[in-house]
Each structure stands twice: as C-alpha cells, then as structure tokens.
Amino acid sequence: YLKANYPAEYMAALLTSVRDDKDKSAVYLNECRRMGIKVLPPNVNESEANFTAQGDDVILFGLTAVRNVGQNVVEAIIRGRKAKGKYGSFPDYLDKVEAVVCNKRTTESLIKAGAFDEMGHTRKGLTAHYEALIDNVVAVKRKEAEGQFDLFGGMAGDSGDGEGPGFGLDVEFSDEEWDKPYLLAQEREMLGLYVSDHPLLGLERLLAGTADATVAQLTGGDFADGAVVTVGGIISGLQRKMTKQGNPWAIATVEDLAGSIECMFFPATYQLVSAQLVEDTVVFVKGRLDRREDVPRLVGMELAVPDLSAR
C-alpha cells in the first residue's frame, strides 16, 4: 500500500533503513530507477540527515551517508541554513556555517559527493580552491570567537548577494569538470554507491545477453554452492595480494546495477588475467560460487573484457 501510494516516501525510508548495507542499498537504488524515482546526490541546501522524499518522484541522499561527515557536522549545516537562509555559493556556505563544519576532510568529501552541485560550482573547480578558502575563513571565525573581529572587517566584501564575505569574492572557480568515470569513482568512494549516474546504465542488454546471473541472484540464494556461473559488472574495488609462497593473486569487487560480489583470482588464474584486472573496467567473470562463508564469493576461472567502443 505504501509503495503504491507514497512511493518516494516509502523508498526513502527503505534506503535509510539499509544505509549501512551497500549491497541492499544498491538493490533498492536500482528499484527506484525502475520505478522512475530519481535518487539525487546530497545537497547542503536541501538534504536532511537521512534520505528524504521531494514530491512523488525524487529522493535526496542524506548527509549522514557521506563518508567523513559526522552527525554533529550535519546538524550544524542544517542549523546554519535554517538560521541564516540557504547557501548562495560555496564562500557563502563557509561564511554561514559554524567553525566545526569548516574541516578540510569533511568539505572534500561533501564536494566529491556532489553536495554543492546545485550552486553551479563544478566538483573539480571547488577542489582547486576549498583548502585556501577554509584557511581564510577559519582565521576569521577564530578572531570572531575571541572577540577580535574588526568592526568594519566584514563590510568590504559583504555585497548582499549571497556571495559571503571578502575571503571568497576574488576567487574564480573553474567551469571545468572531471571526466565522468573519475567523477563517478569519487562519488562512489564518498557515498558507497554510484548515484548521479552509473557506468553500467545503457549496457543492461549487453550484460543480460552474456551473464548467466545478476549479483543479487548469486548473493540471494538462487544458485547452489559450487555452481559455475558468469556474472557481468564493473570492477569497483581491487586488492592485489601475495600467498605465503610469494605468488600473486587478487580479490576484485565486481558490481552490477543491483549489488556487488567479491571475485577471487588465485595464482594460476591470476597469471592469465592480471593485465585485465583494472578498476572501473566492465568485465565478465566466469567462476565457481563459494557459499561456505556468510557472504557468498566467486572463485574466478575466466575473465573477459567486452568491446564497448561501439556503445
């Protein structure tokens, strides 16, 4: 009933309930796409702590889902915009928020997650300037806290146009943006998921035509222990390791639109496929399903990289 009548609210609550489980989050994110509901990256002007519905067909990512962003920072961001109005630009944001929010690591994570996209800044453009701007604003806020703030200091740059104080007005943010694979990889690192887009969107027919199963079917129990299957997806994580005997092997995380699974390539197979094991590459892995642990894994036997040049 809720899914039929309040789809965005229902899916937002569902995504919030599984926010610490990236595989379940990916399943529900894909379900949102299927239902025609847009799930947007976090936004410092609109997002709450958790996933929230905006109308019937939009869900906003919660700010607490961003890596390196704690609850106290989220509360301060929300408090700042309620008390002083929406943030008109990145310098205006730094001016209005409390000092606890002006942390370089936190700010970098918010930039890469897309939390400032609505302001018209590119993620690459902000990354080039945010550290210097934070250094300047923290010095101002420190003096302010100590009661040493110059009575006329804020007036020179306060133009009343939402651009914040003088520390940000002379900065020209580049309009250049990272290329899409890098941008999405950074977004995934901060949110645990591809959100604004997915490298596999548009390749569904290719994946379905070659793979025997989706990741969700492998992890959900549709296939028995020892089954030999082929799965398609993108390599979203890669760990290269050595055995006690000094032989190289690897664990690749292969992700499709509805989940991810670890694929182990032991030394004999690794020798054959090592050059093709590259992060952010679309691959097909044929392997034997290992369900002996709590989380199923795939023991890789073959690896193929499809030709995507025509797509």
# chains A, B, ... in the order shown; residues from 1 in each chain; ligands from 1
$ select_by_dssp --residues "range 71-237 of chain A" --states "alpha helix (DSSP H)" --output "ChimeraX atom specification"
/A:71-84,90-96,104-113,123-145,166-169,180-191,204-210,215-220
$ closest_atom_pairs --of "range 166-209 of chain A" --to "range 108-119 of chain A" --cutoff "10 Å" --atoms "only C-alpha atoms" --output "tab-separated table"
residue	atom	partner	partner_atom	distance
A:Leu183	CA	A:Lys112	CA	7.6
A:Leu184	CA	A:Lys112	CA	8.9
A:Ala185	CA	A:Lys112	CA	9.3
A:Gln186	CA	A:Lys112	CA	5.8
A:Glu187	CA	A:Ala113	CA	4.8
A:Arg188	CA	A:Ala113	CA	7.8
A:Glu189	CA	A:Ala113	CA	8.4
A:Met190	CA	A:Ala113	CA	5.7
A:Leu191	CA	A:Ala113	CA	6.5
A:Gly192	CA	A:Ala113	CA	9.9
A:Tyr194	CA	A:Ala113	CA	9.8
A:Val195	CA	A:Ala113	CA	9.0
A:Ser196	CA	A:Gly114	CA	8.5
$ atom_distance --atom1 "CA of Asp256 in chain A" --atom2 "CA of Tyr10 in chain A"
23.7 Å
$ residues_around --residues "Ser236 in chain A" --least-positions-apart "4" --cutoff "7 Å" --atoms "only C-alpha atoms" --output "PyMOL selection string"
chain A and resi 253-255+279-280
$ atom_distance --atom1 "CA of Asn45 in chain A" --atom2 "CA of Lys84 in chain A"
11.5 Å
$ closest_residue --among "A:Gly70, A:Ala12, A:Lys82, A:Gly232" --to "Gln54 in chain A" --atoms "only C-alpha atoms"
A:Ala12
$ residues_around --residues "Tyr6 in chain A" --least-positions-apart "4" --cutoff "12 Å" --atoms "only C-alpha atoms" --output "compact mmCIF listing (two decimals) with C-alpha atoms, in the first residue's frame"
# COMPACT_ATOMS: atom_id res chain seq x y z
CA TYR A 1 0.00 0.00 0.00
CA LEU A 2 2.74 2.46 0.97
CA TYR A 10 8.42 4.54 1.15
CA MET A 11 11.66 4.06 -0.82
CA ALA A 12 13.37 6.89 1.13
CA ALA A 13 12.52 5.12 4.40
CA ILE A 37 12.13 7.75 -8.98
CA ALA A 53 11.38 12.40 -0.46
CA GLN A 54 10.81 15.51 -2.55
CA GLY A 55 7.44 15.13 -4.25
CA ASP A 56 6.43 11.79 -5.73
CA ASP A 57 9.45 11.06 -7.89
CA VAL A 58 12.61 12.45 -6.24
CA ILE A 59 14.64 11.22 -3.26
